[in-house]
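One structure is given here, and the rest of the page talks about it.
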Amino acid sequence: MDEGRRWLTKTLRHHPGPSLARVMALTGAGGWLTFSRTRMPREGFLVEGLALARECGDVWSTAWALHLLGRVA
């Protein structure tokens with residue numbers, strides 16, 4: 001898991017602009033970490049994914065990010 005998180009973080013750092021692909025990557029990572037029941041931090045992925053989903057007008061991803069944040073709380 002650590003290696004996957006490092007690769008994702010590195011990739012996201014190299015592609016910082018708002019896009020639906022970035023939203024999917026962030027919420028996907030947050031969901032993966034949530035459902036894998038790991039103690040690795042996931043809120044950062046989800047909060048950023050939520051903000052970008054709202055900025056992009058992606059209603060489904062906004063709802064999904066809110067659902068995952070509710071599970072983490």
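So you can find residues: chains in the structure tokens are A, B, ... in the order shown, residues in each start at 1, and ligands are numbered from 1 in order.
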
### Task
Excluding segment 33-42 of chain A and any residue of its chain fewer than 3 positions from it, enumerate the residues within 12 Å of it, using only C-alpha atoms, and give them as a PyMOL selection string.
chain A and resi 1-2+4-6+9+26-30+45-49+65+67-73

So which residues touch Leu52 of chain A within 12 Å, counting only C-alpha atoms, skipping near sequence neighbours fewer than 2 positions away, as a CSV table (one decimal) with N, CA, C and O atoms, in the first residue's frame?
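Here's the written file out.csv:
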chain,number,residue,atom,x,y,z
A,16,PRO,N,-0.9,19.0,-11.4
A,16,PRO,CA,-1.7,19.7,-10.4
A,16,PRO,C,-3.0,20.3,-10.8
A,16,PRO,O,-3.8,20.6,-10.0
A,17,GLY,N,-3.2,20.5,-12.1
A,17,GLY,CA,-4.4,21.2,-12.6
A,17,GLY,C,-5.7,20.5,-12.3
A,17,GLY,O,-5.7,19.2,-12.2
A,18,PRO,N,-6.8,21.2,-12.2
A,18,PRO,CA,-8.1,20.6,-11.9
A,18,PRO,C,-8.6,19.8,-13.2
A,18,PRO,O,-8.5,20.4,-14.3
A,19,SER,N,-9.0,18.6,-13.0
A,19,SER,CA,-9.5,17.8,-14.1
A,19,SER,C,-10.4,16.7,-13.5
A,19,SER,O,-10.2,16.3,-12.3
A,20,LEU,N,-11.2,16.1,-14.3
A,20,LEU,CA,-12.0,15.0,-13.8
A,20,LEU,C,-11.2,13.8,-13.6
A,20,LEU,O,-11.5,13.0,-12.7
A,21,ALA,N,-10.1,13.6,-14.3
A,21,ALA,CA,-9.2,12.5,-14.1
A,21,ALA,C,-8.5,12.6,-12.7
A,21,ALA,O,-8.4,11.6,-11.9
A,22,ARG,N,-8.2,13.9,-12.3
A,22,ARG,CA,-7.6,14.1,-11.0
A,22,ARG,C,-8.7,13.8,-9.9
A,22,ARG,O,-8.4,13.2,-8.8
A,23,VAL,N,-9.9,14.3,-10.1
A,23,VAL,CA,-11.0,14.0,-9.2
A,23,VAL,C,-11.1,12.5,-9.0
A,23,VAL,O,-11.2,12.0,-7.8
A,24,MET,N,-11.2,11.7,-10.1
A,24,MET,CA,-11.3,10.3,-10.0
A,24,MET,C,-10.2,9.6,-9.3
A,24,MET,O,-10.3,8.7,-8.5
A,25,ALA,N,-8.9,10.1,-9.5
A,25,ALA,CA,-7.8,9.6,-8.8
A,25,ALA,C,-7.8,9.8,-7.3
A,25,ALA,O,-7.6,8.9,-6.5
A,26,LEU,N,-8.2,11.0,-7.0
A,26,LEU,CA,-8.2,11.4,-5.5
A,26,LEU,C,-9.3,10.6,-4.8
A,26,LEU,O,-9.1,10.1,-3.7
A,27,THR,N,-10.5,10.6,-5.4
A,27,THR,CA,-11.6,9.9,-4.7
A,27,THR,C,-11.4,8.4,-4.7
A,27,THR,O,-11.8,7.7,-3.8
A,45,PHE,N,-6.9,13.2,0.5
A,45,PHE,CA,-7.3,12.8,-0.8
A,45,PHE,C,-8.8,13.1,-1.0
A,45,PHE,O,-9.2,13.7,-2.1
A,46,LEU,N,-9.6,12.8,0.0
A,46,LEU,CA,-11.0,13.0,-0.2
A,46,LEU,C,-11.4,14.5,-0.2
A,46,LEU,O,-12.3,14.9,-0.9
A,47,VAL,N,-10.8,15.3,0.7
A,47,VAL,CA,-11.1,16.7,0.8
A,47,VAL,C,-10.7,17.4,-0.5
A,47,VAL,O,-11.5,18.2,-1.1
A,48,GLU,N,-9.5,17.1,-1.0
A,48,GLU,CA,-9.1,17.7,-2.3
A,48,GLU,C,-10.0,17.2,-3.5
A,48,GLU,O,-10.4,18.0,-4.3
A,49,GLY,N,-10.3,15.9,-3.5
A,49,GLY,CA,-11.2,15.4,-4.5
A,49,GLY,C,-12.6,16.0,-4.5
A,49,GLY,O,-13.2,16.4,-5.5
A,50,LEU,N,-13.1,16.3,-3.3
A,50,LEU,CA,-14.4,16.9,-3.1
A,50,LEU,C,-14.4,18.3,-3.6
A,50,LEU,O,-15.3,18.8,-4.4
A,54,ARG,N,-16.5,19.6,-7.0
A,54,ARG,CA,-17.4,20.8,-6.9
A,54,ARG,C,-17.0,21.8,-8.0
A,54,ARG,O,-17.8,22.4,-8.7
A,55,GLU,N,-15.7,22.1,-8.1
A,55,GLU,CA,-15.2,23.0,-9.0
A,55,GLU,C,-15.5,22.6,-10.5
A,55,GLU,O,-15.8,23.4,-11.3
A,56,CYS,N,-15.4,21.3,-10.7
A,56,CYS,CA,-15.7,20.8,-12.1
A,56,CYS,C,-17.1,20.6,-12.4
A,56,CYS,O,-17.5,20.2,-13.5
A,57,GLY,N,-18.0,20.7,-11.3
A,57,GLY,CA,-19.4,20.5,-11.5
A,57,GLY,C,-19.8,19.0,-11.6
A,57,GLY,O,-20.9,18.7,-12.1
A,58,ASP,N,-19.0,18.2,-11.1
A,58,ASP,CA,-19.2,16.7,-11.1
A,58,ASP,C,-20.1,16.3,-9.9
A,58,ASP,O,-19.5,16.1,-8.8
A,59,VAL,N,-21.4,16.2,-10.1
A,59,VAL,CA,-22.3,15.9,-9.0
A,59,VAL,C,-22.1,14.5,-8.4
A,59,VAL,O,-22.1,14.4,-7.2
A,61,SER,N,-19.3,12.6,-8.3
A,61,SER,CA,-18.1,12.6,-7.6
A,61,SER,C,-18.2,13.4,-6.3
A,61,SER,O,-17.6,13.0,-5.3
A,62,THR,N,-18.9,14.5,-6.3
A,62,THR,CA,-19.1,15.3,-5.1
A,62,THR,C,-19.9,14.4,-4.1
A,62,THR,O,-19.5,14.4,-2.9
A,65,ALA,N,-17.5,11.6,-2.8
A,65,ALA,CA,-16.5,12.1,-1.8
A,65,ALA,C,-17.2,12.4,-0.5
A,65,ALA,O,-16.6,12.1,0.6

### Task
Would you return as a VMD selection string the members of chain A that DSSP assigns to alpha helix (DSSP H) on this structure's backbone?
chain A and resid 2 to 14 20 to 35 43 to 56 59 to 72
